[in-house]
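In what follows, a structure is listed as structure tokens, so that the remarks can point back to it.
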Amino acid sequence: MSEVFALIDCNNFYVSCERVFNPKIESKPVVVLTNNDGCVVARSNEAKALGIGMGVPAFEVDDVFKKHNVEVFSSNYTLYADMSGRVMETLSTFTPAMEVYSIDEAFLNLGGIDGSLADYGRRIRRTVRKWTGLPVSIGIARTKTLAKIANHIAKKSPRYDGVLDLTDALDVGQVLATVPVEKVWGIGIRSTIKLKRAGINTALDLSRADVEWIKNCFGVIGVRTVYELRGECCYKLEDNPPARKSIVVSRMFGVPVESMEQLKEAAAGYAARAGERLREQGLAAGAQTVFVTTSRFIKNRYFNTHTVEFAVPTNDTVELIRAARGSIEKLYRKNCRFKKCGVVLLGLVPENRVQHGLFDDADREKSIRLMRAVDTINAKVSTPLRWAAEGLCQSWQAKFRRRTKQFTTLFADLPEVA
């Protein structure tokens with residue numbers, strides 16, 4: 001059975017999530033901001049038409065917001081993650097062969113589906129919209145790279161109404177000729193510059209490029225891209241994605257932090273969140289790095305890191321917090337206004353394969369029971385248990401002044417019908 005890939009991509013995902021629960025903004029320009037309401041991270045098509053760029057600082061376009069009555073929202077990651085889960089669960093009903101590629105994208109293998117694949121794609125699109133309220137675009141092709149291109153065109157061209165099937169198209173070459181080479185999956189800025197210097201300006205040009213030259217310039221990854229554009233599958237679905245190599249938890253502070261104790265509170269909070277993620281994935285960390293930084297825009301910027309290696313890989317929040325607070329004592333500098341800190345967990349191994357040390361005197365069984373109890377409680381309550389080391393006031397927390405409610409994960413925030 002030959003493989004057929006469908007890439008399903010949620011349109012303007014963060015914006016679309018906000019519109020599900022606020023239909024009044026359906027046709028209005030909408031943007032979503034990053035942590036601390038700093039930069040634009042998502043835009044509706046209407047906002048793009050106003051010239052609002054991705055990543056632009058919000059204060060630089062504040063006049064545009066006011067002039068055109070742009071609806072501005074703070075990021076609501078809890079809502080977005082839950083909506084993503086609902087989309088992926090919906091997609092899984094159409095085929096067991098599925099790869100979640102990102103929070104708003106997934107590859108499906110439609111090999112073996114009888115009838116029109118375009119019709120099947122439109123059925124998927126209607127179902128996702130009906131069950132979740134979110135619009136999606138679907139690109140179908142015999143390779144992942146071509147499916148990415150088909151998806152891009154389906155999203156941009158009204159002609160295809162959100163679904164484009166390139167599996168049996170006789171004019172694939174004509175389609176590739178309309179796609180700039182920089183829009184090809186995996187082609188970055190540096191590669192684009194090098195390709196254009198060689199006269200390769202479109203996806204079609206790249207598909208016809210000399211393989212030996214591509215190999216010399218871009219290695220085996222570049223060769224695979226060429227073959228994928230020619231319709232030869234080089235990338236299979238990752239039913240079991242490779243194990244993560246690290247876990248990072250980091251946030252910008254709402255206000256600059258100057259005291260060591262506040263910095264310790266922040267690091268402890270991030271270590272606690274990182275520990276939760278470890279246990280969710282059944283992993284343990286062999287080392288933990290804590291980093292701190294002041295604003296990158298000041299003259300005497302300070303950035304530094306400190307790493308602690310654990311004698312025995314752990315996912316015990318108590319150990320992680322203790323190590324994080326100790327790292328802050330090493331990193332702290334007086335008279336520095338810290339803008340951000342973070343925790344990076346490294347050396348990840350499955351928790352059931354941890355090699356215990358001969359001289360390890362920690363009560364690991366007690367630790368496991370405690371973590372399991374805390375996680376069980378937090379899974380059932382709306383206000384989770386927190387560790388004292390995280391502090392009570394947390395005045396340093398990132399600001400989300402325009403964040404909407406957690407409509408799908410908190411009973412108190414359930415939408416009300418008048």
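Letters A, B, ... mark the chains of the structure tokens in the order given; residue numbers begin at 1 per chain; ligand numbers begin at 1, in order shown.
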
Please provide the set of residues having any atom within 8 Å of segment 80-95 of chain A, restricted to only C-alpha atoms, with same-chain residues fewer than 4 positions apart removed, written as an mmCIF file with N, CA, C and O atoms, in the first residue's frame.
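What ended up in around-v7.cif:
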data_model
loop_
_atom_site.group_PDB
_atom_site.id
_atom_site.type_symbol
_atom_site.label_atom_id
_atom_site.label_comp_id
_atom_site.auth_asym_id
_atom_site.auth_seq_id
_atom_site.Cartn_x
_atom_site.Cartn_y
_atom_site.Cartn_z
ATOM 1 N N TYR A 14 -4.025 30.465 17.386
ATOM 2 C CA TYR A 14 -4.337 31.190 18.626
ATOM 3 C C TYR A 14 -5.544 32.110 18.427
ATOM 4 O O TYR A 14 -6.436 32.185 19.287
ATOM 5 N N CYS A 17 -8.773 30.114 18.240
ATOM 6 C CA CYS A 17 -9.220 29.659 19.562
ATOM 7 C C CYS A 17 -9.989 30.759 20.273
ATOM 8 O O CYS A 17 -11.013 30.505 20.919
ATOM 9 N N ASN A 76 -3.195 32.723 25.956
ATOM 10 C CA ASN A 76 -3.916 31.876 26.906
ATOM 11 C C ASN A 76 -3.506 30.431 26.623
ATOM 12 O O ASN A 76 -4.236 29.668 25.998
ATOM 13 N N VAL A 100 1.490 13.828 15.451
ATOM 14 C CA VAL A 100 1.270 15.202 15.912
ATOM 15 C C VAL A 100 2.572 15.960 15.701
ATOM 16 O O VAL A 100 3.579 15.685 16.359
ATOM 17 N N ILE A 103 1.653 22.022 17.902
ATOM 18 C CA ILE A 103 0.409 22.284 18.638
ATOM 19 C C ILE A 103 -0.770 22.457 17.680
ATOM 20 O O ILE A 103 -1.913 22.162 18.040
ATOM 21 N N ASP A 104 -0.510 22.875 16.444
ATOM 22 C CA ASP A 104 -1.616 23.120 15.509
ATOM 23 C C ASP A 104 -1.468 22.380 14.189
ATOM 24 O O ASP A 104 -2.155 22.687 13.213
ATOM 25 N N ALA A 106 -0.763 18.331 12.226
ATOM 26 C CA ALA A 106 -0.624 16.875 12.330
ATOM 27 C C ALA A 106 -0.582 16.276 10.935
ATOM 28 O O ALA A 106 -1.251 16.757 10.007
ATOM 29 N N LEU A 108 -1.438 12.890 8.745
ATOM 30 C CA LEU A 108 -2.189 11.648 8.722
ATOM 31 C C LEU A 108 -1.742 10.831 7.517
ATOM 32 O O LEU A 108 -1.383 11.397 6.482
ATOM 33 N N ASN A 109 -1.771 9.513 7.629
ATOM 34 C CA ASN A 109 -1.521 8.646 6.480
ATOM 35 C C ASN A 109 -2.866 8.169 5.952
ATOM 36 O O ASN A 109 -3.577 7.412 6.625
ATOM 37 N N LEU A 110 -3.210 8.621 4.762
ATOM 38 C CA LEU A 110 -4.501 8.277 4.161
ATOM 39 C C LEU A 110 -4.375 7.162 3.133
ATOM 40 O O LEU A 110 -5.298 6.943 2.334
ATOM 41 N N ILE A 124 -12.974 15.683 6.663
ATOM 42 C CA ILE A 124 -12.172 15.941 7.864
ATOM 43 C C ILE A 124 -12.313 17.395 8.286
ATOM 44 O O ILE A 124 -12.507 17.709 9.463
ATOM 45 N N THR A 127 -15.669 18.128 9.867
ATOM 46 C CA THR A 127 -15.810 17.510 11.183
ATOM 47 C C THR A 127 -15.035 18.278 12.248
ATOM 48 O O THR A 127 -15.544 18.518 13.351
ATOM 49 N N VAL A 128 -13.806 18.675 11.926
ATOM 50 C CA VAL A 128 -13.011 19.441 12.883
ATOM 51 C C VAL A 128 -13.706 20.754 13.212
ATOM 52 O O VAL A 128 -13.779 21.165 14.372
ATOM 53 N N TRP A 131 -16.844 19.904 15.445
ATOM 54 C CA TRP A 131 -16.581 19.384 16.786
ATOM 55 C C TRP A 131 -15.765 20.336 17.657
ATOM 56 O O TRP A 131 -15.855 20.269 18.883
ATOM 57 N N THR A 132 -14.947 21.197 17.022
ATOM 58 C CA THR A 132 -14.084 22.074 17.822
ATOM 59 C C THR A 132 -14.311 23.555 17.559
ATOM 60 O O THR A 132 -13.895 24.392 18.362
ATOM 61 N N THR A 408 -12.359 25.910 28.719
ATOM 62 C CA THR A 408 -12.523 24.461 28.583
ATOM 63 C C THR A 408 -11.902 23.650 29.715
ATOM 64 O O THR A 408 -12.058 22.427 29.739
ATOM 65 N N THR A 409 -11.174 24.287 30.620
ATOM 66 C CA THR A 409 -10.461 23.530 31.649
ATOM 67 C C THR A 409 -10.792 23.943 33.075
ATOM 68 O O THR A 409 -10.261 23.360 34.021
#

- Task: Write down as an NGL selection string the residues of segment 239-404 of chain A whose backbone DSSP state falls under strand (DSSP E or B).
- Result: :A and (247-257 or 283-294 or 303-314 or 338-346 or 349-350)

- Message: Let me make sure I understand: among A:Pro180, A:Gly38, A:Gly199, A:Gly222, which one has the smallest atom-to-atom distance to Val56 of chain A if we use only C-alpha atoms?
- Response: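 For Val56 of chain A, the nearest of the given residues is A:Gly38.
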
- Message: Please determine, counting only C-alpha atoms, which residue among A:Arg322, A:Lys334, A:Arg230, A:Lys340 has the shortest atom-to-atom distance to Glu390 of chain A.
- Response: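 That would be A:Arg322, the residue with the smallest distance to Glu390 of chain A.
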
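Residues with any atom within 10 Å of Pro384 of chain A, counting only C-alpha atoms and excluding same-chain neighbours fewer than 6 positions away, are A:Val374, A:Asp375, A:Ile377, A:Asn378.
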
Selected residues, N, CA and C atoms, written as a compact mmCIF listing (two decimals), in the first residue's frame, please.
# COMPACT_ATOMS: atom_id res chain seq x y z
N VAL A 374 0.80 14.31 45.03
CA VAL A 374 0.66 15.71 44.61
C VAL A 374 0.06 15.78 43.20
N ASP A 375 0.58 14.96 42.29
CA ASP A 375 0.08 14.98 40.91
C ASP A 375 -1.39 14.55 40.84
N ILE A 377 -3.69 14.90 43.20
CA ILE A 377 -4.51 16.00 43.74
C ILE A 377 -4.63 17.12 42.71
N ASN A 378 -3.51 17.50 42.13
CA ASN A 378 -3.52 18.61 41.18
C ASN A 378 -4.33 18.31 39.93

- Give the helix (DSSP H, G or I) residues of segment 193-353 of chain A, as assigned by DSSP on the backbone, as a ChimeraX atom specification. /A:193-197,203-207,211-229,260-280,317-331,351-353
